[in-house]
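Pasted below: my_file_20.txt, compact mmCIF, C-alpha atoms and all ligand atoms.
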```txt
# COMPACT_ATOMS: atom_id res chain seq x y z
CA MET A 47 -14.11 9.61 19.60
CA ILE A 48 -12.25 6.32 19.89
CA ASP A 49 -14.09 4.63 22.71
CA LEU A 50 -13.53 0.93 23.34
CA THR A 51 -16.28 0.87 25.98
CA ASN A 52 -18.75 1.21 23.10
CA CYS A 53 -16.73 0.06 20.14
CA THR A 54 -17.76 1.44 16.77
CA LEU A 55 -14.24 1.65 15.37
CA CYS A 56 -15.05 -0.23 12.20
CA PRO A 57 -18.17 -0.68 10.04
CA HIS A 58 -19.39 -3.62 12.11
CA ARG A 59 -20.26 -1.07 14.83
CA CYS A 60 -20.64 -3.80 17.46
CA SER A 61 -21.12 -1.34 20.38
CA VAL A 62 -19.49 -3.79 22.79
CA ASN A 63 -17.47 -2.81 25.84
CA ARG A 64 -14.03 -4.14 24.96
CA GLU A 65 -12.62 -2.76 28.24
CA GLN A 66 -14.83 -5.32 30.01
CA GLN A 67 -13.90 -8.18 27.69
CA GLN A 68 -17.11 -8.01 25.69
CA LEU A 69 -16.19 -9.30 22.26
CA GLY A 70 -17.55 -8.10 18.94
CA PHE A 71 -17.04 -9.41 15.43
CA CYS A 72 -13.23 -9.08 15.65
CA ARG A 73 -13.13 -11.01 18.99
CA LEU A 74 -10.67 -8.49 20.44
CA ASP A 75 -10.69 -7.01 23.91
CA ALA A 76 -9.01 -3.68 24.72
CA GLY A 77 -5.54 -5.17 25.19
CA LEU A 78 -2.55 -5.29 22.88
CA HIS A 79 -2.55 -8.22 20.45
CA ILE A 80 0.39 -8.36 18.07
CA ALA A 81 1.13 -11.57 16.20
CA ASN A 82 4.51 -10.57 14.85
CA ILE A 83 6.94 -7.69 14.42
CA SER A 84 9.46 -8.15 11.66
CA LEU A 85 11.50 -6.47 9.00
CA HIS A 86 9.82 -6.92 5.66
CA THR A 87 10.93 -5.80 2.24
CA GLY A 88 7.29 -5.56 1.19
CA GLU A 89 5.71 -5.78 -2.20
CA GLU A 90 5.86 -2.07 -2.98
CA PRO A 91 9.38 -0.57 -3.35
CA ILE A 92 8.58 2.83 -1.86
CA GLU A 93 11.35 5.37 -2.22
CA GLY A 94 13.43 5.42 0.97
CA SER A 95 12.33 1.92 1.96
CA GLU A 96 15.48 0.21 0.64
CA ASN A 97 16.24 -0.95 4.17
CA GLY A 98 12.77 -2.43 4.45
CA VAL A 99 9.70 -1.73 6.57
CA CYS A 100 9.26 -2.62 10.22
CA ASN A 101 5.87 -4.29 10.05
CA VAL A 102 3.64 -4.78 13.06
CA PHE A 103 1.14 -7.55 12.31
CA PHE A 104 -1.89 -7.25 14.53
CA SER A 105 -3.81 -10.42 15.21
CA HIS A 106 -7.42 -11.03 14.20
CA CYS A 107 -9.28 -9.14 11.53
CA ASN A 108 -12.65 -7.59 10.80
CA LEU A 109 -13.09 -9.60 7.58
CA ARG A 110 -13.35 -13.37 7.14
CA CYS A 111 -11.64 -13.93 3.81
CA CYS A 112 -11.66 -17.61 2.92
CA TYR A 113 -8.36 -17.20 1.03
CA CYS A 114 -6.53 -15.09 3.65
CA GLN A 115 -2.74 -15.52 3.28
CA ASN A 116 -2.42 -14.56 6.97
CA TYR A 117 -5.17 -16.94 8.14
CA GLN A 118 -2.86 -18.30 10.87
CA ILE A 119 -3.20 -14.98 12.73
CA SER A 120 -6.32 -13.31 11.31
CA GLN A 121 -9.20 -15.60 12.20
CA PRO A 122 -11.28 -15.64 15.41
CA GLN A 123 -10.06 -19.18 16.19
CA SER A 124 -6.42 -18.35 15.43
CA VAL A 125 -4.02 -19.42 18.16
CA ILE A 126 -1.19 -16.92 18.03
CA ARG A 127 2.27 -18.31 18.69
CA ASN A 128 4.35 -15.89 20.78
CA GLU A 129 1.68 -13.17 20.77
CA ILE A 130 3.03 -9.82 22.00
CA THR A 131 0.71 -8.29 24.57
CA ASP A 132 3.12 -5.96 26.37
CA TYR A 133 3.77 -2.44 25.04
CA GLU A 134 7.35 -2.30 26.28
CA VAL A 135 8.22 -5.57 24.56
CA ALA A 136 6.60 -4.35 21.33
CA VAL A 137 8.28 -0.96 21.35
CA ASN A 138 11.70 -2.44 22.14
CA GLN A 139 11.39 -4.82 19.19
CA ILE A 140 10.33 -1.97 16.90
CA VAL A 141 13.16 0.28 18.06
CA ALA A 142 15.71 -2.52 17.54
CA ILE A 143 14.62 -2.71 13.90
CA LEU A 144 14.50 1.07 13.41
CA GLN A 145 18.03 1.35 14.82
CA SER A 146 19.30 -0.58 11.81
CA GLY A 147 18.34 2.31 9.55
CA VAL A 148 14.75 1.37 8.72
CA LYS A 149 12.66 4.49 8.09
CA PHE A 150 9.15 3.06 7.79
CA LEU A 151 6.85 1.60 10.43
CA GLY A 152 3.94 -0.34 8.96
CA PHE A 153 0.84 -1.46 10.80
CA VAL A 154 -0.89 -4.44 9.19
CA SER A 155 -4.61 -4.99 9.86
CA PRO A 156 -4.72 -2.03 12.30
CA THR A 157 -8.44 -1.25 12.00
CA SER A 158 -9.58 -2.89 15.24
CA HIS A 159 -6.37 -1.87 17.02
CA ILE A 160 -6.21 1.88 16.40
CA PRO A 161 -5.91 3.01 20.06
CA GLN A 162 -3.11 0.48 20.57
CA MET A 163 -1.42 1.61 17.34
CA LEU A 164 -1.53 5.26 18.43
CA LEU A 165 0.00 4.40 21.79
CA ILE A 166 2.83 2.49 20.11
CA ILE A 167 3.55 5.44 17.79
CA GLU A 168 3.65 7.77 20.80
CA LYS A 169 6.08 5.48 22.63
CA VAL A 170 8.31 5.11 19.56
CA HIS A 171 8.46 8.92 19.30
CA GLU A 172 9.40 9.09 22.97
CA LYS A 173 12.36 6.82 22.18
CA GLY A 174 13.57 9.41 19.66
CA PHE A 175 12.42 7.79 16.41
CA SER A 176 10.08 9.33 13.84
CA PRO A 177 9.52 6.68 11.17
CA LYS A 178 7.01 7.23 8.38
CA ILE A 179 3.77 5.49 9.31
CA ILE A 180 2.14 3.07 6.86
CA TYR A 181 -1.48 2.10 7.49
CA ASN A 182 -2.00 -1.26 5.75
CA THR A 183 -5.71 -2.10 5.76
CA ASN A 184 -8.24 -4.38 4.09
CA GLY A 185 -10.29 -1.26 3.29
CA TYR A 186 -13.24 -2.11 5.54
CA GLU A 187 -13.06 1.13 7.50
CA ASN A 188 -15.27 3.85 8.95
CA VAL A 189 -14.77 7.30 7.45
CA GLU A 190 -14.98 9.03 10.84
CA THR A 191 -12.31 6.71 12.26
CA LEU A 192 -10.03 7.53 9.35
CA ARG A 193 -10.59 11.25 9.91
CA SER A 194 -9.12 10.83 13.37
CA LEU A 195 -5.89 9.55 11.77
CA GLU A 196 -5.35 12.63 9.61
CA GLY A 197 -1.83 13.91 10.26
CA THR A 198 -0.71 10.63 11.85
CA VAL A 199 -0.57 8.33 8.83
CA ASP A 200 2.00 9.09 6.13
CA ILE A 201 1.03 6.37 3.67
CA TYR A 202 -2.36 4.74 3.37
CA LEU A 203 -2.11 1.24 1.91
CA PRO A 204 -5.71 0.01 1.56
CA ASP A 205 -7.02 -2.95 -0.40
CA LEU A 206 -9.92 -2.55 -2.73
CA LYS A 207 -10.81 -6.21 -3.00
CA TYR A 208 -14.21 -6.23 -4.65
CA ALA A 209 -16.55 -4.21 -6.80
CA ASN A 210 -19.26 -6.77 -6.30
CA ASP A 211 -21.02 -7.16 -2.94
CA SER A 212 -22.20 -10.70 -3.54
CA LEU A 213 -18.59 -11.74 -4.20
CA ALA A 214 -17.51 -9.90 -1.03
CA GLN A 215 -20.19 -11.72 0.93
CA ARG A 216 -19.22 -15.10 -0.47
CA LEU A 217 -15.45 -14.78 -0.13
CA SER A 218 -15.06 -12.41 2.85
CA GLY A 219 -18.33 -12.77 4.76
CA ILE A 220 -19.16 -9.06 4.51
CA PRO A 221 -22.40 -7.72 2.98
CA ASN A 222 -21.49 -4.09 2.23
CA TYR A 223 -17.80 -4.11 1.41
CA CYS A 224 -17.84 -2.19 -1.89
CA GLU A 225 -19.55 1.04 -0.88
CA THR A 226 -17.83 1.00 2.53
CA ALA A 227 -14.31 0.47 1.20
CA LEU A 228 -14.81 2.97 -1.60
CA SER A 229 -15.95 5.63 0.88
CA ALA A 230 -12.90 4.87 3.02
CA ILE A 231 -10.56 5.23 0.05
CA LYS A 232 -12.20 8.53 -0.93
CA GLU A 233 -11.51 9.81 2.58
CA MET A 234 -7.88 8.69 2.33
CA TYR A 235 -7.65 10.48 -1.02
CA ARG A 236 -9.17 13.64 0.48
CA GLN A 237 -6.43 13.62 3.10
CA LYS A 238 -3.58 12.91 0.69
CA LYS A 239 -4.47 14.32 -2.73
CA GLU A 240 -2.39 17.48 -2.27
CA VAL A 241 0.77 15.57 -1.35
CA ILE A 242 0.72 12.59 -3.70
CA SER A 243 3.65 12.80 -6.08
CA ASP A 244 6.08 10.45 -7.82
CA GLU A 245 8.30 10.75 -4.75
CA ASN A 246 5.50 10.48 -2.20
CA PRO A 247 3.06 7.58 -2.71
CA ALA A 248 0.81 8.76 0.08
CA LEU A 249 -2.08 6.58 -1.12
CA ILE A 250 -1.35 3.15 -2.58
CA ILE A 251 -4.43 1.10 -3.43
CA ARG A 252 -3.78 -2.62 -3.55
CA HIS A 253 -5.82 -5.05 -5.55
CA LEU A 254 -5.23 -8.78 -5.58
CA ALA A 255 -6.51 -10.28 -8.81
CA LEU A 256 -8.39 -13.52 -8.13
CA PRO A 257 -8.70 -16.50 -10.48
CA ASN A 258 -11.99 -16.71 -12.40
CA ASN A 259 -12.79 -13.13 -11.37
CA VAL A 260 -11.29 -10.89 -14.03
CA ASP A 261 -14.53 -8.89 -14.26
CA ASN A 262 -14.27 -8.01 -10.58
CA SER A 263 -10.73 -6.70 -11.10
CA LEU A 264 -11.75 -4.63 -14.13
CA ARG A 265 -14.62 -3.09 -12.18
CA VAL A 266 -12.37 -2.33 -9.23
CA LEU A 267 -9.97 -0.41 -11.45
CA ARG A 268 -12.82 1.46 -13.15
CA LEU A 269 -14.32 2.37 -9.77
CA ILE A 270 -11.02 3.86 -8.62
CA ALA A 271 -10.63 5.80 -11.86
CA GLU A 272 -14.22 7.10 -11.87
CA GLU A 273 -14.91 7.66 -8.17
CA CYS A 274 -11.44 8.50 -6.89
CA SER A 275 -8.57 9.34 -9.26
CA THR A 276 -6.01 7.86 -11.63
CA ASN A 277 -3.47 9.99 -9.77
CA VAL A 278 -3.11 7.44 -6.96
CA PHE A 279 -0.60 4.60 -6.85
CA ILE A 280 -1.96 1.16 -7.73
CA SER A 281 -0.35 -2.05 -6.58
CA LEU A 282 -1.87 -4.67 -8.85
CA MET A 283 -0.98 -8.05 -7.43
CA SER A 284 -0.85 -11.41 -9.17
CA GLN A 285 0.48 -13.30 -6.15
CA TYR A 286 -2.75 -15.09 -5.28
CA PHE A 287 -2.16 -18.61 -4.02
CA PRO A 288 -4.97 -20.79 -2.65
CA VAL A 289 -4.68 -21.48 1.07
CA TYR A 290 -7.04 -22.04 3.98
CA LYS A 291 -10.70 -22.53 2.91
CA ALA A 292 -9.90 -21.55 -0.69
CA LEU A 293 -8.32 -24.96 -1.18
CA ASN A 294 -11.85 -26.38 -1.23
CA ASP A 295 -13.43 -23.65 -3.33
CA ASN A 296 -13.75 -24.65 -6.99
CA GLU A 297 -13.68 -21.04 -8.16
CA ILE A 298 -10.48 -19.91 -6.45
CA CYS A 299 -8.56 -23.13 -5.78
CA ARG A 300 -5.87 -22.32 -8.35
CA THR A 301 -3.41 -19.53 -9.08
CA LEU A 302 -4.02 -16.78 -11.60
CA THR A 303 -3.30 -17.44 -15.27
CA LYS A 304 -1.17 -15.18 -17.43
CA ASP A 305 -4.15 -14.48 -19.70
CA GLU A 306 -6.26 -13.35 -16.73
CA TYR A 307 -3.56 -11.04 -15.40
CA ASP A 308 -2.82 -9.62 -18.86
CA VAL A 309 -6.46 -8.55 -19.29
CA VAL A 310 -6.33 -6.68 -15.98
CA LEU A 311 -2.98 -5.12 -16.84
CA ASP A 312 -4.41 -3.88 -20.14
CA GLU A 313 -7.29 -2.20 -18.31
CA LEU A 314 -4.89 -0.57 -15.87
CA ASP A 315 -3.05 0.87 -18.83
CA SER A 316 -6.10 1.95 -20.81
CA LEU A 317 -7.65 3.74 -17.81
CA GLY A 318 -4.50 5.88 -17.58
CA PHE A 319 -3.02 4.78 -14.28
CA GLU A 320 0.66 5.61 -14.45
CA ARG A 321 1.82 5.26 -10.86
CA GLY A 322 2.35 2.06 -8.96
CA TRP A 323 3.55 -1.47 -9.35
CA THR A 324 2.59 -4.73 -10.98
CA GLN A 325 4.05 -8.17 -10.30
CA GLU A 326 5.63 -11.05 -12.11
CA LEU A 327 3.15 -13.91 -12.27
CA GLU A 328 5.63 -16.14 -10.42
CA SER A 329 5.18 -13.89 -7.38
CA ASN A 330 2.90 -16.45 -5.80
CA ASP A 331 6.03 -18.53 -5.16
CA TYR A 332 7.56 -15.86 -2.96
CA TYR A 333 4.90 -14.43 -0.68
CA GLN A 334 3.82 -17.33 1.48
CA PRO A 335 4.09 -16.13 5.07
CA ASP A 336 4.29 -18.76 7.79
CA PHE A 337 3.49 -17.22 11.15
CA ASN A 338 4.64 -20.35 12.94
CA LYS A 339 8.19 -19.20 12.18
CA ASP A 340 10.04 -16.43 14.01
CA ASN A 341 10.42 -14.68 10.65
CA PRO A 342 7.19 -15.42 8.73
CA PHE A 343 8.71 -14.23 5.46
CA ALA A 344 11.96 -16.20 5.58
CA ILE A 345 12.41 -18.32 2.47
CA ASP A 346 13.75 -21.76 3.33
S1 LIG B 401 -13.33 -3.08 16.03
FE1 LIG B 401 -14.18 -5.09 16.58
S2 LIG B 401 -15.64 -4.71 18.25
FE2 LIG B 401 -15.15 -2.72 17.28
S3 LIG B 401 -16.78 -2.41 15.77
FE3 LIG B 401 -15.08 -3.42 14.68
S4 LIG B 401 -15.46 -5.62 14.82
FE4 LIG B 401 -16.78 -4.61 16.32
```
Now that the file is in, can you turn its structure into structure tokens?
Amino acid sequence: MIDLTNCTLCPHRCSVNREQQQLGFCRLDAGLHIANISLHTGEEPIEGSENGVCNVFFSHCNLRCCYCQNYQISQPQSVIRNEITDYEVAVNQIVAILQSGVKFLGFVSPTSHIPQMLLIIEKVHEKGFSPKIIYNTNGYENVETLRSLEGTVDIYLPDLKYANDSLAQRLSGIPNYCETALSAIKEMYRQKKEVISDENPALIIRHLALPNNVDNSLRVLRLIAEECSTNVFISLMSQYFPVYKALNDNEICRTLTKDEYDVVLDELDSLGFERGWTQELESNDYYQPDFNKDNPFAID
């Protein structure tokens, strides 16, 4: 089903032949394109992840968010410093991290890289390691592609960014994000609903609250409650910090206020979500990756 000679992996359905260097919306050929592999403590303290998560950051993305915190590696024009294009190099780096006792292997922005991700998992298994697999996605996914991952992914970590298509179009350049991402999350829930428990956060839905957009956040939470379940884990993030094109956008060129975040927190509570994590408002000071460094998350 996964066929890069006629790529329909994600909802853009470009139908390009990536094996012959035809480029679709994501601008990716059929090769391996990893921007960084590093140990990351992550925003969600999942049980068993005390030693951190080995995160594989794929380059380029199938969204065009004007506020992307990873814009140095996610955009079509991104020039990736020290890009990893060799499977052996990638797997050796992953194994070196897993050998230190890390039990989770996270793939960040994997949507356009699923065949490459599956090959890496296979090679890591061949080396004798069986980490739990985290699939960390912006939510813009095809349901049939996700079905092919059933049994491979241990923890789905999707965003639900918007409940408003015009906002999605304006900020992420995508016309049909809401219905598409919601369908994807429903499929993830179908796969994981029997195993979600306090000890096993098999589906963690992330939402980044944006300044001047409290209504969007409230609607996102209501959509999850009404269309999916309040049984899932929610990671409600306040860490927004304007970077990239957002610096010139009057609506989102500032951080979130306490009043804005409190309104969203109240809704989370009143809808009955009991699993997950919220953040301190000061979080925006701590999550500024710089992919021009060897360790993008090192704090100077
Ligand atoms: S993965 Fe890339 S080429 Fe394939 S459908 Fe999505 S954007 Fe298009």
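Closest approach to A:Tyr223 among A:Gly94, A:Gly152, A:Gly77, A:Gly185 is made by A:Gly185 (distances from only C-alpha atoms).
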Rank A:Gln145, A:Pro91, A:His159, A:Val125 by their smallest atom-to-atom distance to ligand LIG 401 (chain B), using all atoms listed in the file, and report the top residue only. A:His159
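In terms of minimum interatomic distance to ligand LIG 401 (chain B), A:Glu187 ranks closest within A:Asp312, A:Glu187, A:Glu272, A:Glu96, counting all atoms listed in the file.
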Quick one: residues within 12 Å of A:Val170, only C-alpha atoms counted, chain neighbours fewer than 5 positions away excluded, as a ChimeraX atom specification? /A:133-145,150-151,163-165,175-179
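Atom to atom, atom CA of A:Asn277 and atom CA of A:Glu320 stand 7.6 Å apart.
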Excluding same-chain residues fewer than 6 positions from stretch 287-292 of chain A, what lies within 10 Å of it counting all atoms listed in the file, as number ranges by chain? A: 111-118, 217, 256-257, 298-302, 329-331, 333-334
Please dump the current selection as a PDB file, keeping the file's coordinate frame; keep C-alpha atoms.
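Final file, part-v5.pdb:
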```pdb
ATOM      1  CA  CYS A 111     -11.640 -13.930   3.810  1.00  0.00           C
ATOM      2  CA  CYS A 112     -11.660 -17.610   2.920  1.00  0.00           C
ATOM      3  CA  TYR A 113      -8.360 -17.200   1.030  1.00  0.00           C
ATOM      4  CA  CYS A 114      -6.530 -15.090   3.650  1.00  0.00           C
ATOM      5  CA  GLN A 115      -2.740 -15.520   3.280  1.00  0.00           C
ATOM      6  CA  ASN A 116      -2.420 -14.560   6.970  1.00  0.00           C
ATOM      7  CA  TYR A 117      -5.170 -16.940   8.140  1.00  0.00           C
ATOM      8  CA  GLN A 118      -2.860 -18.300  10.870  1.00  0.00           C
ATOM      9  CA  LEU A 217     -15.450 -14.780  -0.130  1.00  0.00           C
ATOM     10  CA  LEU A 256      -8.390 -13.520  -8.130  1.00  0.00           C
ATOM     11  CA  PRO A 257      -8.700 -16.500 -10.480  1.00  0.00           C
ATOM     12  CA  ILE A 298     -10.480 -19.910  -6.450  1.00  0.00           C
ATOM     13  CA  CYS A 299      -8.560 -23.130  -5.780  1.00  0.00           C
ATOM     14  CA  ARG A 300      -5.870 -22.320  -8.350  1.00  0.00           C
ATOM     15  CA  THR A 301      -3.410 -19.530  -9.080  1.00  0.00           C
ATOM     16  CA  LEU A 302      -4.020 -16.780 -11.600  1.00  0.00           C
ATOM     17  CA  SER A 329       5.180 -13.890  -7.380  1.00  0.00           C
ATOM     18  CA  ASN A 330       2.900 -16.450  -5.800  1.00  0.00           C
ATOM     19  CA  ASP A 331       6.030 -18.530  -5.160  1.00  0.00           C
ATOM     20  CA  TYR A 333       4.900 -14.430  -0.680  1.00  0.00           C
ATOM     21  CA  GLN A 334       3.820 -17.330   1.480  1.00  0.00           C
TER      22      GLN A 334
END
```
Using only C-alpha atoms and all ligand atoms, which residues have at least one atom no more than 7 Å from ligand LIG 401 (chain B)? Output them as a ChimeraX atom specification. /A:53-62,64,69-74,108,157-158
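As for atom CA of A:Pro204 and atom CA of A:Ala76, they are spaced 23.7 Å apart.
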Find the residues of stretch 131-182 of chain A that sit at most 10 Å from stretch 229-253 of chain A; for each, write down the nearest two atoms and how far apart they are in Å, to one decimal. Count all atoms listed in the file. Sort by chain, then by number going up, and give it as a Markdown table.
```
| residue | atom | partner | partner_atom | distance |
| --- | --- | --- | --- | --- |
| A:Ile180 | CA | A:Ala248 | CA | 9.0 |
| A:Tyr181 | CA | A:Leu249 | CA | 9.7 |
| A:Asn182 | CA | A:Ile250 | CA | 9.4 |
```
Please produce an output containing C-alpha atoms for each residue in the selection, written as a short mmCIF file (atom, residue, chain, number, x, y, z; two decimals), in the coordinates of the input.
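What follows is the written file result.cif:
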```cif
data_model
loop_
_atom_site.label_atom_id
_atom_site.label_comp_id
_atom_site.auth_asym_id
_atom_site.auth_seq_id
_atom_site.Cartn_x
_atom_site.Cartn_y
_atom_site.Cartn_z
CA ILE A 180 2.14 3.07 6.86
CA TYR A 181 -1.48 2.10 7.49
CA ASN A 182 -2.00 -1.26 5.75
#
```
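Going from atom CA of A:Ile270 to atom CA of A:Ile201 covers 17.4 Å.
Among A:Asn296, A:Gln325, A:Ser95, A:Asn258, the residue with the shortest atom-to-atom distance to A:Ser284, counting all atoms listed in the file, is A:Gln325.
Distance check against A:Trp323 using all atoms listed in the file: of A:Leu109, A:Leu78, A:Leu293, A:Ile92, the minimum falls on A:Ile92.
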Contacts of A:Thr324 at 12 Å (only C-alpha atoms; same-chain gap of 2+ positions) as a ChimeraX atom specification: /A:89-91,251-255,279-285,307-308,310-312,314-315,319-322,326-329
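Using only C-alpha atoms for every distance, the candidate list A:Cys100, A:Leu195, A:Ile160, A:Ile80 yields A:Ile160 as the residue closest to A:Asp49.
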